[in-house]
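Notes to accompany the following structure.
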Amino acid sequence: MQLFALGLNHHTAPLAIRERVAFQPERLDQALHDLARADSVREAAILSTCNRTELYFAAEQPQHAADWLARFHRLQLTEVSPYLYAYPQRDAIRHVFRVASGLDSMVIGEPQILGQVKDAARFAEEAGTMGVLLHKLFQNTFAVAKEVRSTTAIGANTVSMAAAAVHLTERIFERVSDQHVLFIGAGEMIELCAAHFGGAKPKSMTVANRTEERAQALAARFGASTMRIDQIGEALPRFDVVVSCTAAPLPIVGLGMVERAVKARRHRPMVMVDLAVPRDIEPEISELDDIFLYTVDDLAQVVEAGMESRQQAVIEAEQIIDTRVDGFLHWMSARDTVPVIRSLREHAEGLRQAELERAMRLLAKGEDPQRVLEALSHGLTNKLMHGPTRFLNQAEGEHKAEAGRVVRELFNLSRDHH
């Protein structure tokens, strides 16, 4: 039995693919039972978030789980296999530790993922698909994540453009939770920003995009509403924060539009973040009194400052994880040798009992105790030496030297015993 992690995430698969293999919470129980019945899969847990779908399981090999994943979602394996990764034991353990510690997230060090991994463990526990191995793996995972959080600065710094956008907004408005936010565009950058602003729980979020469908898909994930791009002008006064990132060749938000909005807002301040290249928001807007306009370059400075201390934190976190992976593998290998140790002891105990009974019988017959003790020690030694001696005598060819090395190591013999 080996531990495996198999799945796909935002590094390996686009959103369109991630959506197709995501598990709805209400189907998780059925999915876990189904997976644990798949060929050779013994224990199983499923982690499914907007950024990843991963199976953690104990099996002899990972192929059955990949087949099962495609089958469960009514897909051909060929449709998902280009995006899948399958990590064998050591890599799987390391991967789970990194995921829970926030090292594999879109936003490094974000804390939500730990809660999601805990949910995955709880679902597996409730479904009865968690065995000794996964139970121990998750116990260790939570301990590692806690250690990374408490001893490194992994979650402390602003290291993405999206986090920087929130950070700069908080300089103007004390609390994002009192603000109404408009996102223009629906690409990856806006997706990241929506995740970040969503974490600060604003009063409302709205997505405006050229294609309605993309806007709705994104809005649904974050509990936002949508609007058409041509409605921005009239709706602009309602928003305190505007974040824009589209591929439009010309600005979408013009000076006149914003001047009207400022008037309608009675000069309440407004934060505008333009992440587009070329720009979505006319640069002259920055000269208006109540508008705080930030561009990609402004955000880059905030990110730069957070990056250095964060890289150090990542190095420290990876060191903690490597040490903990070794510890977990040591536990696993020790667990594998327990049955061997037990049967070796039972075998020796059986020999001892037999020799002892023989000696007792001889003593009862009145034999000389000195000679009975001699016979007992000879008998016990011969029986214990029988296995290793036969092992050495039966070894042939190149195995002879290896057999000698094993026995020497086993009995701690030095080379000069001839």
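Residue numbering restarts at 1 in every chain; chains get A, B, ... in the order shown in the structure tokens, and ligands count up from 1 in that same order.
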
Counting only C-alpha atoms, give me one row per residue of segment 318-342 of chain A with an atom at most 12 Å from an atom of segment 123-141 of chain A, showing the shortest contact pair and its distance in Å to one decimal, sorted by chain then residue number, as CSV.
```
residue,atom,partner,partner_atom,distance
A:Ile320,CA,A:Thr141,CA,11.6
A:Ile321,CA,A:Thr141,CA,9.4
A:Thr323,CA,A:Asn140,CA,11.7
A:Arg324,CA,A:Asn140,CA,7.9
A:Val325,CA,A:Asn140,CA,9.1
A:Asp326,CA,A:Asn140,CA,11.6
A:Gly327,CA,A:Asn140,CA,9.5
A:Phe328,CA,A:Asn140,CA,7.6
A:Leu329,CA,A:Leu137,CA,10.0
A:Trp331,CA,A:Lys136,CA,9.4
A:Met332,CA,A:Leu133,CA,8.2
A:Ser333,CA,A:Leu133,CA,11.7
A:Arg335,CA,A:Leu133,CA,10.0
A:Asp336,CA,A:Leu133,CA,11.5
```

Print the selection's residues with N, CA, C and O atoms to a file, as a tab-separated table (two decimals), in the first residue's frame.
```tsv
chain	number	residue	atom	x	y	z
A	320	ILE	N	10.72	23.33	6.95
A	320	ILE	CA	9.87	22.67	7.96
A	320	ILE	C	9.19	21.46	7.32
A	320	ILE	O	9.17	20.36	7.88
A	321	ILE	N	8.66	21.67	6.09
A	321	ILE	CA	7.91	20.61	5.41
A	321	ILE	C	8.82	19.42	5.11
A	321	ILE	O	8.45	18.27	5.36
A	323	THR	N	11.49	18.39	6.66
A	323	THR	CA	11.76	17.66	7.91
A	323	THR	C	10.57	16.81	8.30
A	323	THR	O	10.71	15.64	8.69
A	324	ARG	N	9.36	17.39	8.18
A	324	ARG	CA	8.15	16.67	8.58
A	324	ARG	C	7.83	15.51	7.64
A	324	ARG	O	7.27	14.51	8.07
A	325	VAL	N	8.18	15.66	6.36
A	325	VAL	CA	7.96	14.56	5.41
A	325	VAL	C	8.83	13.37	5.82
A	325	VAL	O	8.36	12.22	5.86
A	326	ASP	N	10.09	13.64	6.13
A	326	ASP	CA	10.99	12.56	6.58
A	326	ASP	C	10.43	11.86	7.81
A	326	ASP	O	10.44	10.64	7.91
A	327	GLY	N	9.93	12.67	8.74
A	327	GLY	CA	9.36	12.10	9.98
A	327	GLY	C	8.18	11.19	9.69
A	327	GLY	O	8.06	10.10	10.25
A	328	PHE	N	7.32	11.62	8.77
A	328	PHE	CA	6.13	10.82	8.45
A	328	PHE	C	6.52	9.52	7.74
A	328	PHE	O	5.98	8.45	8.02
A	329	LEU	N	7.49	9.62	6.82
A	329	LEU	CA	7.96	8.40	6.12
A	329	LEU	C	8.59	7.43	7.10
A	329	LEU	O	8.44	6.21	6.98
A	331	TRP	N	7.72	7.07	10.20
A	331	TRP	CA	6.59	6.43	10.89
A	331	TRP	C	6.01	5.31	10.03
A	331	TRP	O	5.72	4.22	10.50
A	332	MET	N	5.89	5.60	8.71
A	332	MET	CA	5.32	4.59	7.81
A	332	MET	C	6.20	3.35	7.72
A	332	MET	O	5.71	2.23	7.74
A	333	SER	N	7.52	3.56	7.60
A	333	SER	CA	8.40	2.38	7.45
A	333	SER	C	8.47	1.60	8.76
A	333	SER	O	8.51	0.37	8.76
A	335	ARG	N	6.08	1.33	10.81
A	335	ARG	CA	4.81	0.60	10.87
A	335	ARG	C	4.89	-0.67	10.03
A	335	ARG	O	4.34	-1.70	10.38
A	336	ASP	N	5.60	-0.61	8.89
A	336	ASP	CA	5.74	-1.77	8.02
A	336	ASP	C	6.55	-2.88	8.68
A	336	ASP	O	6.35	-4.06	8.40
```

Within 10 Å of segment 17-24 of chain A, which residues of segment 28-121 of chain A come that close, and what is the closest atom pair and distance in Å for each? Count only C-alpha atoms and give it as CSV.
```
residue,atom,partner,partner_atom,distance
A:Leu28,CA,A:Phe23,CA,6.4
A:Asp29,CA,A:Gln24,CA,9.9
A:Ala31,CA,A:Phe23,CA,8.2
A:Ile46,CA,A:Phe23,CA,8.5
A:Leu47,CA,A:Phe23,CA,8.5
A:Ser48,CA,A:Ala22,CA,5.9
A:Thr49,CA,A:Ala22,CA,7.2
A:Cys50,CA,A:Arg18,CA,7.3
A:Asn51,CA,A:Arg18,CA,7.2
A:Arg52,CA,A:Arg18,CA,6.8
A:Thr53,CA,A:Ala22,CA,5.9
A:Glu54,CA,A:Ala22,CA,9.2
A:Leu69,CA,A:Val21,CA,7.6
A:Ala70,CA,A:Val21,CA,7.9
A:Phe72,CA,A:Val21,CA,8.7
A:His73,CA,A:Val21,CA,6.2
A:Arg74,CA,A:Arg20,CA,9.3
A:Leu75,CA,A:Arg20,CA,8.5
A:Glu79,CA,A:Ile17,CA,8.8
A:Val80,CA,A:Ile17,CA,7.5
A:Tyr83,CA,A:Ile17,CA,8.4
```

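Proximity to Ala153 of chain A at 9 Å, evaluated using only C-alpha atoms and with sequence-adjacent residues fewer than 5 positions away removed, yields Gly109, Val148, Ser309, Arg310, Gln312, Ala313 and Val314 of chain A.
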
Problem set entry | All strand (DSSP E) residues (DSSP, backbone) inside segment 127-271 of chain A, as a ChimeraX atom specification | /A:180-184,204-209,225-228,241-244,270-271

Export of prior selection with N, CA and C atoms as a PDB file, in the first residue's frame:
```pdb
ATOM      1  N   HIS A 180     -18.791  49.334  -1.912  1.00  0.00           N
ATOM      2  CA  HIS A 180     -19.365  48.620  -3.073  1.00  0.00           C
ATOM      3  C   HIS A 180     -18.277  48.557  -4.140  1.00  0.00           C
ATOM      4  N   VAL A 181     -18.013  47.364  -4.659  1.00  0.00           N
ATOM      5  CA  VAL A 181     -16.873  47.161  -5.568  1.00  0.00           C
ATOM      6  C   VAL A 181     -17.347  46.754  -6.958  1.00  0.00           C
ATOM      7  N   LEU A 182     -16.762  47.379  -7.972  1.00  0.00           N
ATOM      8  CA  LEU A 182     -17.058  47.020  -9.364  1.00  0.00           C
ATOM      9  C   LEU A 182     -15.801  46.450 -10.011  1.00  0.00           C
ATOM     10  N   PHE A 183     -15.946  45.278 -10.631  1.00  0.00           N
ATOM     11  CA  PHE A 183     -14.842  44.689 -11.396  1.00  0.00           C
ATOM     12  C   PHE A 183     -15.181  44.800 -12.873  1.00  0.00           C
ATOM     13  N   ILE A 184     -14.228  45.323 -13.658  1.00  0.00           N
ATOM     14  CA  ILE A 184     -14.456  45.395 -15.106  1.00  0.00           C
ATOM     15  C   ILE A 184     -13.511  44.398 -15.758  1.00  0.00           C
ATOM     16  N   SER A 204     -21.047  44.983  -1.479  1.00  0.00           N
ATOM     17  CA  SER A 204     -21.506  44.310  -2.707  1.00  0.00           C
ATOM     18  C   SER A 204     -20.350  44.232  -3.700  1.00  0.00           C
ATOM     19  N   MET A 205     -20.465  43.262  -4.622  1.00  0.00           N
ATOM     20  CA  MET A 205     -19.483  43.141  -5.707  1.00  0.00           C
ATOM     21  C   MET A 205     -20.262  42.952  -7.007  1.00  0.00           C
ATOM     22  N   THR A 206     -19.778  43.625  -8.062  1.00  0.00           N
ATOM     23  CA  THR A 206     -20.444  43.539  -9.366  1.00  0.00           C
ATOM     24  C   THR A 206     -19.378  43.292 -10.424  1.00  0.00           C
ATOM     25  N   VAL A 207     -19.705  42.449 -11.403  1.00  0.00           N
ATOM     26  CA  VAL A 207     -18.767  42.160 -12.489  1.00  0.00           C
ATOM     27  C   VAL A 207     -19.370  42.670 -13.801  1.00  0.00           C
ATOM     28  N   ALA A 208     -18.608  43.510 -14.521  1.00  0.00           N
ATOM     29  CA  ALA A 208     -19.032  43.971 -15.849  1.00  0.00           C
ATOM     30  C   ALA A 208     -18.043  43.411 -16.860  1.00  0.00           C
ATOM     31  N   ASN A 209     -18.568  42.760 -17.900  1.00  0.00           N
ATOM     32  CA  ASN A 209     -17.663  42.153 -18.880  1.00  0.00           C
ATOM     33  C   ASN A 209     -18.341  42.152 -20.244  1.00  0.00           C
ATOM     34  N   SER A 225     -23.023  40.371  -8.430  1.00  0.00           N
ATOM     35  CA  SER A 225     -24.010  40.541  -9.502  1.00  0.00           C
ATOM     36  C   SER A 225     -23.267  40.938 -10.776  1.00  0.00           C
ATOM     37  N   THR A 226     -23.992  41.042 -11.888  1.00  0.00           N
ATOM     38  CA  THR A 226     -23.324  41.369 -13.161  1.00  0.00           C
ATOM     39  C   THR A 226     -24.005  42.573 -13.819  1.00  0.00           C
ATOM     40  N   MET A 227     -23.274  43.190 -14.733  1.00  0.00           N
ATOM     41  CA  MET A 227     -23.888  44.241 -15.562  1.00  0.00           C
ATOM     42  C   MET A 227     -23.172  44.261 -16.910  1.00  0.00           C
ATOM     43  N   ARG A 228     -23.807  44.893 -17.893  1.00  0.00           N
ATOM     44  CA  ARG A 228     -23.165  45.013 -19.208  1.00  0.00           C
ATOM     45  C   ARG A 228     -22.150  46.151 -19.169  1.00  0.00           C
ATOM     46  N   VAL A 241     -15.212  51.474  -5.159  1.00  0.00           N
ATOM     47  CA  VAL A 241     -13.953  50.891  -5.639  1.00  0.00           C
ATOM     48  C   VAL A 241     -14.209  50.319  -7.038  1.00  0.00           C
ATOM     49  N   VAL A 242     -13.323  50.651  -7.985  1.00  0.00           N
ATOM     50  CA  VAL A 242     -13.434  50.110  -9.343  1.00  0.00           C
ATOM     51  C   VAL A 242     -12.099  49.455  -9.694  1.00  0.00           C
ATOM     52  N   VAL A 243     -12.152  48.185 -10.045  1.00  0.00           N
ATOM     53  CA  VAL A 243     -10.930  47.471 -10.434  1.00  0.00           C
ATOM     54  C   VAL A 243     -11.126  47.018 -11.873  1.00  0.00           C
ATOM     55  N   SER A 244     -10.229  47.429 -12.753  1.00  0.00           N
ATOM     56  CA  SER A 244     -10.419  47.102 -14.168  1.00  0.00           C
ATOM     57  C   SER A 244      -9.207  46.389 -14.752  1.00  0.00           C
ATOM     58  N   MET A 270     -13.263  57.917  -4.218  1.00  0.00           N
ATOM     59  CA  MET A 270     -13.424  56.704  -5.021  1.00  0.00           C
ATOM     60  C   MET A 270     -12.031  56.164  -5.343  1.00  0.00           C
ATOM     61  N   VAL A 271     -11.843  54.873  -5.153  1.00  0.00           N
ATOM     62  CA  VAL A 271     -10.555  54.247  -5.478  1.00  0.00           C
ATOM     63  C   VAL A 271     -10.696  53.551  -6.826  1.00  0.00           C
TER      64      VAL A 271
END
```

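Every protein, DNA or RNA residue with an atom at most 7 Å from Ala359 of chain A, where only C-alpha atoms count and chain neighbours fewer than 4 positions away do not, is listed here: Glu355, Leu363, Val372 and Leu376 of chain A.
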
Per residue of segment 164-184 of chain A within 12 Å of segment 255-268 of chain A, note the shortest atom pair and the distance in Å to one decimal, counting only C-alpha atoms, and order the rows by chain and increasing residue number, as a Markdown table.
```
| residue | atom | partner | partner_atom | distance |
| --- | --- | --- | --- | --- |
| A:Ile172 | CA | A:Arg268 | CA | 11.1 |
| A:Phe173 | CA | A:Arg268 | CA | 10.7 |
| A:Gln179 | CA | A:Arg268 | CA | 11.6 |
```

Output for the residues just chosen: N, CA, C and O atoms as a PDB file, in the first residue's frame:
```
ATOM      1  N   ILE A 172      -7.314  54.214   1.810  1.00  0.00           N
ATOM      2  CA  ILE A 172      -8.291  55.288   1.590  1.00  0.00           C
ATOM      3  C   ILE A 172      -9.544  55.049   2.434  1.00  0.00           C
ATOM      4  O   ILE A 172     -10.034  55.935   3.120  1.00  0.00           O
ATOM      5  N   PHE A 173     -10.078  53.828   2.342  1.00  0.00           N
ATOM      6  CA  PHE A 173     -11.255  53.481   3.148  1.00  0.00           C
ATOM      7  C   PHE A 173     -10.766  52.584   4.265  1.00  0.00           C
ATOM      8  O   PHE A 173     -10.101  51.587   4.012  1.00  0.00           O
ATOM      9  N   GLN A 179     -17.763  49.027   1.604  1.00  0.00           N
ATOM     10  CA  GLN A 179     -17.725  49.560   0.235  1.00  0.00           C
ATOM     11  C   GLN A 179     -18.431  48.674  -0.793  1.00  0.00           C
ATOM     12  O   GLN A 179     -18.597  47.479  -0.613  1.00  0.00           O
TER      13      GLN A 179
END
```

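All residues of protein, DNA or RNA that reach within 12 Å of Gly223 of chain A, judged by only C-alpha atoms and not counting those fewer than 4 positions away in the chain, are Ala194, Ala195, Phe197, Gly198, Gly199, Lys201, Pro202, Lys203, Ser204, Met205, Thr206, Val207, Ala215, Gln216, Ala217, Leu218 and Ala219 of chain A.
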
Generate a file of the selected residues that holds C-alpha atoms, formatted as a PDB file, in the first residue's frame.
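What ended up in again.pdb:
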```
ATOM      1  CA  ALA A 194     -12.454  39.156  -6.656  1.00  0.00           C
ATOM      2  CA  ALA A 195     -11.063  36.425  -4.389  1.00  0.00           C
ATOM      3  CA  PHE A 197     -11.794  41.610  -2.120  1.00  0.00           C
ATOM      4  CA  GLY A 198     -14.304  38.822  -1.385  1.00  0.00           C
ATOM      5  CA  GLY A 199     -12.163  37.855   1.609  1.00  0.00           C
ATOM      6  CA  LYS A 201     -16.441  40.986   2.657  1.00  0.00           C
ATOM      7  CA  PRO A 202     -17.467  44.225   0.885  1.00  0.00           C
ATOM      8  CA  LYS A 203     -21.118  45.421   0.916  1.00  0.00           C
ATOM      9  CA  SER A 204     -21.506  44.310  -2.707  1.00  0.00           C
ATOM     10  CA  MET A 205     -19.483  43.141  -5.707  1.00  0.00           C
ATOM     11  CA  THR A 206     -20.444  43.539  -9.366  1.00  0.00           C
ATOM     12  CA  VAL A 207     -18.767  42.160 -12.489  1.00  0.00           C
ATOM     13  CA  ALA A 215     -19.197  37.590 -16.076  1.00  0.00           C
ATOM     14  CA  GLN A 216     -21.928  35.306 -14.730  1.00  0.00           C
ATOM     15  CA  ALA A 217     -19.572  32.359 -14.187  1.00  0.00           C
ATOM     16  CA  LEU A 218     -17.217  34.584 -12.185  1.00  0.00           C
ATOM     17  CA  ALA A 219     -19.997  36.396 -10.303  1.00  0.00           C
TER      18      ALA A 219
END
```

Exercise. In Å, with one decimal, what is the gap from atom CA of Asp322 of chain A to atom CA of Glu43 of chain A?
Worked result: 24.1 Å

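Note that the spacing between atom CA of Leu410 of chain A and atom CA of Leu380 of chain A amounts to 18.3 Å.
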
Any idea what's packed within 12 Å of Val107 of chain A, counting only C-alpha atoms, ignoring anything in its chain fewer than 6 positions away? Could you give it as a compact mmCIF listing (two decimals) with all heavy atoms, in the first residue's frame?
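Wrote it out as out_8.txt, contents follow:
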```txt
# COMPACT_ATOMS: atom_id res chain seq x y z
N HIS A 10 -4.97 25.06 -10.29
CA HIS A 10 -4.88 26.27 -11.11
C HIS A 10 -3.53 26.39 -11.83
O HIS A 10 -3.41 27.15 -12.78
CB HIS A 10 -5.12 27.52 -10.25
CG HIS A 10 -4.17 27.61 -9.10
ND1 HIS A 10 -4.36 26.86 -7.95
CD2 HIS A 10 -3.03 28.29 -8.92
CE1 HIS A 10 -3.36 27.12 -7.11
NE2 HIS A 10 -2.56 27.98 -7.67
N HIS A 11 -2.52 25.65 -11.37
CA HIS A 11 -1.24 25.67 -12.09
C HIS A 11 -1.33 24.81 -13.36
O HIS A 11 -0.66 25.09 -14.34
CB HIS A 11 -0.09 25.09 -11.24
CG HIS A 11 0.19 25.86 -9.99
ND1 HIS A 11 0.50 27.20 -10.00
CD2 HIS A 11 0.19 25.48 -8.68
CE1 HIS A 11 0.69 27.61 -8.75
NE2 HIS A 11 0.51 26.59 -7.94
N ASN A 51 -10.01 26.24 -6.90
CA ASN A 51 -8.69 26.19 -7.53
C ASN A 51 -8.13 24.78 -7.72
O ASN A 51 -7.13 24.61 -8.41
CB ASN A 51 -7.68 27.00 -6.71
CG ASN A 51 -7.90 28.48 -6.88
OD1 ASN A 51 -8.42 28.90 -7.90
ND2 ASN A 51 -7.53 29.26 -5.90
N VAL A 99 0.09 22.10 0.35
CA VAL A 99 -1.26 22.63 0.07
C VAL A 99 -1.86 23.22 1.34
O VAL A 99 -2.32 24.37 1.36
CB VAL A 99 -2.18 21.52 -0.50
CG1 VAL A 99 -3.64 21.95 -0.48
CG2 VAL A 99 -1.76 21.16 -1.92
N SER A 101 -0.45 24.27 3.96
CA SER A 101 0.33 25.41 4.48
C SER A 101 0.17 26.66 3.62
O SER A 101 0.75 27.70 3.92
CB SER A 101 1.82 25.05 4.56
OG SER A 101 1.99 23.92 5.38
N ILE A 113 -7.33 27.80 2.73
CA ILE A 113 -7.11 26.43 2.25
C ILE A 113 -7.01 25.43 3.41
O ILE A 113 -7.46 24.31 3.29
CB ILE A 113 -5.85 26.36 1.33
CG1 ILE A 113 -5.71 24.96 0.70
CG2 ILE A 113 -4.59 26.73 2.07
CD1 ILE A 113 -6.77 24.60 -0.29
N ILE A 154 4.72 33.66 6.49
CA ILE A 154 4.15 33.28 5.19
C ILE A 154 2.88 34.04 4.85
O ILE A 154 2.67 34.41 3.71
CB ILE A 154 3.90 31.74 5.14
CG1 ILE A 154 3.70 31.28 3.70
CG2 ILE A 154 2.73 31.30 5.98
CD1 ILE A 154 4.95 31.20 2.93
N GLY A 155 2.01 34.29 5.82
CA GLY A 155 0.74 34.93 5.49
C GLY A 155 0.75 36.42 5.74
O GLY A 155 -0.27 37.09 5.59
N ALA A 156 1.90 36.95 6.11
CA ALA A 156 1.92 38.32 6.63
C ALA A 156 2.05 39.38 5.55
O ALA A 156 1.77 40.54 5.79
CB ALA A 156 3.06 38.47 7.62
N ASN A 157 2.50 39.00 4.36
CA ASN A 157 2.86 40.06 3.40
C ASN A 157 1.98 40.12 2.16
O ASN A 157 1.44 39.13 1.72
CB ASN A 157 4.31 39.86 2.99
CG ASN A 157 5.20 39.85 4.20
OD1 ASN A 157 5.25 40.81 4.94
ND2 ASN A 157 5.87 38.74 4.45
N THR A 158 1.93 41.32 1.63
CA THR A 158 1.16 41.55 0.41
C THR A 158 2.04 41.16 -0.76
O THR A 158 3.01 41.84 -1.06
CB THR A 158 0.86 43.06 0.31
OG1 THR A 158 0.21 43.43 1.52
CG2 THR A 158 -0.04 43.36 -0.85
N VAL A 159 1.71 40.04 -1.42
CA VAL A 159 2.64 39.61 -2.46
C VAL A 159 1.99 39.36 -3.79
O VAL A 159 2.60 38.79 -4.66
CB VAL A 159 3.34 38.31 -2.06
CG1 VAL A 159 4.33 38.59 -0.99
CG2 VAL A 159 2.34 37.31 -1.64
N SER A 160 0.74 39.76 -3.95
CA SER A 160 0.16 39.63 -5.29
C SER A 160 -0.45 40.97 -5.65
O SER A 160 -0.75 41.78 -4.77
CB SER A 160 -0.91 38.56 -5.31
OG SER A 160 -2.04 39.01 -4.60
N MET A 161 -0.62 41.19 -6.93
CA MET A 161 -1.24 42.44 -7.40
C MET A 161 -2.62 42.58 -6.75
O MET A 161 -3.03 43.67 -6.36
CB MET A 161 -1.42 42.39 -8.92
CG MET A 161 -0.12 42.52 -9.66
SD MET A 161 0.54 44.19 -9.46
CE MET A 161 1.57 44.32 -10.88
N ALA A 162 -3.31 41.46 -6.65
CA ALA A 162 -4.67 41.49 -6.10
C ALA A 162 -4.65 41.92 -4.64
O ALA A 162 -5.44 42.75 -4.21
CB ALA A 162 -5.30 40.11 -6.25
N ALA A 163 -3.71 41.34 -3.87
CA ALA A 163 -3.62 41.70 -2.45
C ALA A 163 -3.23 43.17 -2.33
O ALA A 163 -3.73 43.88 -1.46
CB ALA A 163 -2.58 40.83 -1.76
N ALA A 164 -2.36 43.61 -3.23
CA ALA A 164 -1.92 45.01 -3.20
C ALA A 164 -3.10 45.94 -3.48
O ALA A 164 -3.21 47.02 -2.89
CB ALA A 164 -0.82 45.23 -4.24
N MET A 189 -6.79 37.87 -13.74
CA MET A 189 -6.41 38.92 -12.78
C MET A 189 -7.63 39.39 -11.99
O MET A 189 -7.57 39.58 -10.77
CB MET A 189 -5.81 40.09 -13.57
CG MET A 189 -5.02 41.01 -12.70
SD MET A 189 -3.62 40.13 -11.99
CE MET A 189 -3.29 41.20 -10.64
N GLU A 191 -10.29 37.64 -11.52
CA GLU A 191 -10.67 36.49 -10.68
C GLU A 191 -9.90 36.54 -9.35
O GLU A 191 -10.45 36.38 -8.26
CB GLU A 191 -10.33 35.21 -11.45
CG GLU A 191 -10.82 33.94 -10.81
CD GLU A 191 -10.37 32.71 -11.60
OE1 GLU A 191 -10.17 32.82 -12.84
OE2 GLU A 191 -10.23 31.65 -10.99
N LEU A 192 -8.61 36.81 -9.44
CA LEU A 192 -7.76 36.92 -8.25
C LEU A 192 -8.20 38.08 -7.36
O LEU A 192 -8.27 37.95 -6.14
CB LEU A 192 -6.31 37.18 -8.67
CG LEU A 192 -5.41 35.96 -8.77
CD1 LEU A 192 -4.07 36.38 -9.34
CD2 LEU A 192 -5.21 35.33 -7.41
N CYS A 193 -8.49 39.21 -8.00
CA CYS A 193 -8.91 40.39 -7.23
C CYS A 193 -10.24 40.13 -6.53
O CYS A 193 -10.44 40.51 -5.38
CB CYS A 193 -9.03 41.61 -8.14
SG CYS A 193 -7.44 42.22 -8.68
N ALA A 195 -11.32 37.32 -5.53
CA ALA A 195 -11.06 36.42 -4.39
C ALA A 195 -10.55 37.24 -3.20
O ALA A 195 -10.96 37.04 -2.06
CB ALA A 195 -10.04 35.36 -4.79
N HIS A 196 -9.66 38.19 -3.48
CA HIS A 196 -9.08 39.00 -2.41
C HIS A 196 -10.07 39.96 -1.79
O HIS A 196 -10.18 40.05 -0.58
CB HIS A 196 -7.88 39.79 -2.95
CG HIS A 196 -6.61 39.05 -2.75
ND1 HIS A 196 -5.97 39.00 -1.54
CD2 HIS A 196 -5.88 38.31 -3.59
CE1 HIS A 196 -4.90 38.26 -1.65
NE2 HIS A 196 -4.82 37.83 -2.88
N GLY A 199 -12.64 38.21 0.27
CA GLY A 199 -12.16 37.85 1.61
C GLY A 199 -12.39 38.98 2.61
O GLY A 199 -12.56 38.76 3.81
N ARG A 310 8.64 37.66 2.00
CA ARG A 310 7.86 36.47 1.74
C ARG A 310 8.73 35.32 1.22
O ARG A 310 8.54 34.18 1.58
CB ARG A 310 6.79 36.83 0.73
CG ARG A 310 6.10 35.72 0.20
CD ARG A 310 5.15 35.05 1.15
NE ARG A 310 4.25 34.51 0.25
CZ ARG A 310 3.32 35.21 -0.37
NH1 ARG A 310 3.08 36.42 -0.04
NH2 ARG A 310 2.60 34.66 -1.27
```

For this session: Output as a ChimeraX atom specification all residues of segment 190-398 of chain A that backbone DSSP marks as helix (DSSP H, G or I).
Result: /A:190-199,212-222,229-238,255-264,283-287,296-364,369-394

Fewer than 2 positions away in the same chain doesn't count, so skip those; otherwise give me all residues within 12 Å of segment 346-352 of chain A, counting only C-alpha atoms, as a CSV table (one decimal) with C-alpha atoms, in the first residue's frame.
```
chain,number,residue,atom,x,y,z
A,339,PRO,CA,4.7,-7.4,11.9
A,340,VAL,CA,8.2,-8.7,11.1
A,341,ILE,CA,9.5,-7.9,14.6
A,342,ARG,CA,6.4,-9.5,16.1
A,343,SER,CA,6.8,-12.8,14.2
A,344,LEU,CA,10.6,-12.8,14.9
A,354,ALA,CA,10.4,-25.9,23.7
A,355,GLU,CA,13.9,-26.0,25.0
A,356,LEU,CA,12.8,-25.0,28.5
A,357,GLU,CA,10.2,-27.8,28.6
A,358,ARG,CA,12.8,-30.4,27.5
A,359,ALA,CA,15.2,-29.2,30.3
A,376,LEU,CA,19.6,-26.1,27.1
A,377,SER,CA,22.1,-23.4,26.1
A,378,HIS,CA,23.4,-25.6,23.1
A,379,GLY,CA,19.9,-26.4,22.0
A,380,LEU,CA,18.8,-22.8,22.1
A,381,THR,CA,21.9,-21.5,20.3
A,382,ASN,CA,21.7,-24.1,17.6
A,383,LYS,CA,18.0,-23.5,16.9
A,384,LEU,CA,18.5,-19.7,16.8
A,385,MET,CA,21.5,-20.0,14.5
A,386,HIS,CA,19.8,-22.5,12.2
A,387,GLY,CA,18.0,-19.9,10.1
```

Seminar exercise, completed: One residue among A:Thr169, A:Gln394, A:Thr295, A:Ser414 is nearest to Pro269 of chain A when using only C-alpha atoms, and that residue is A:Thr169
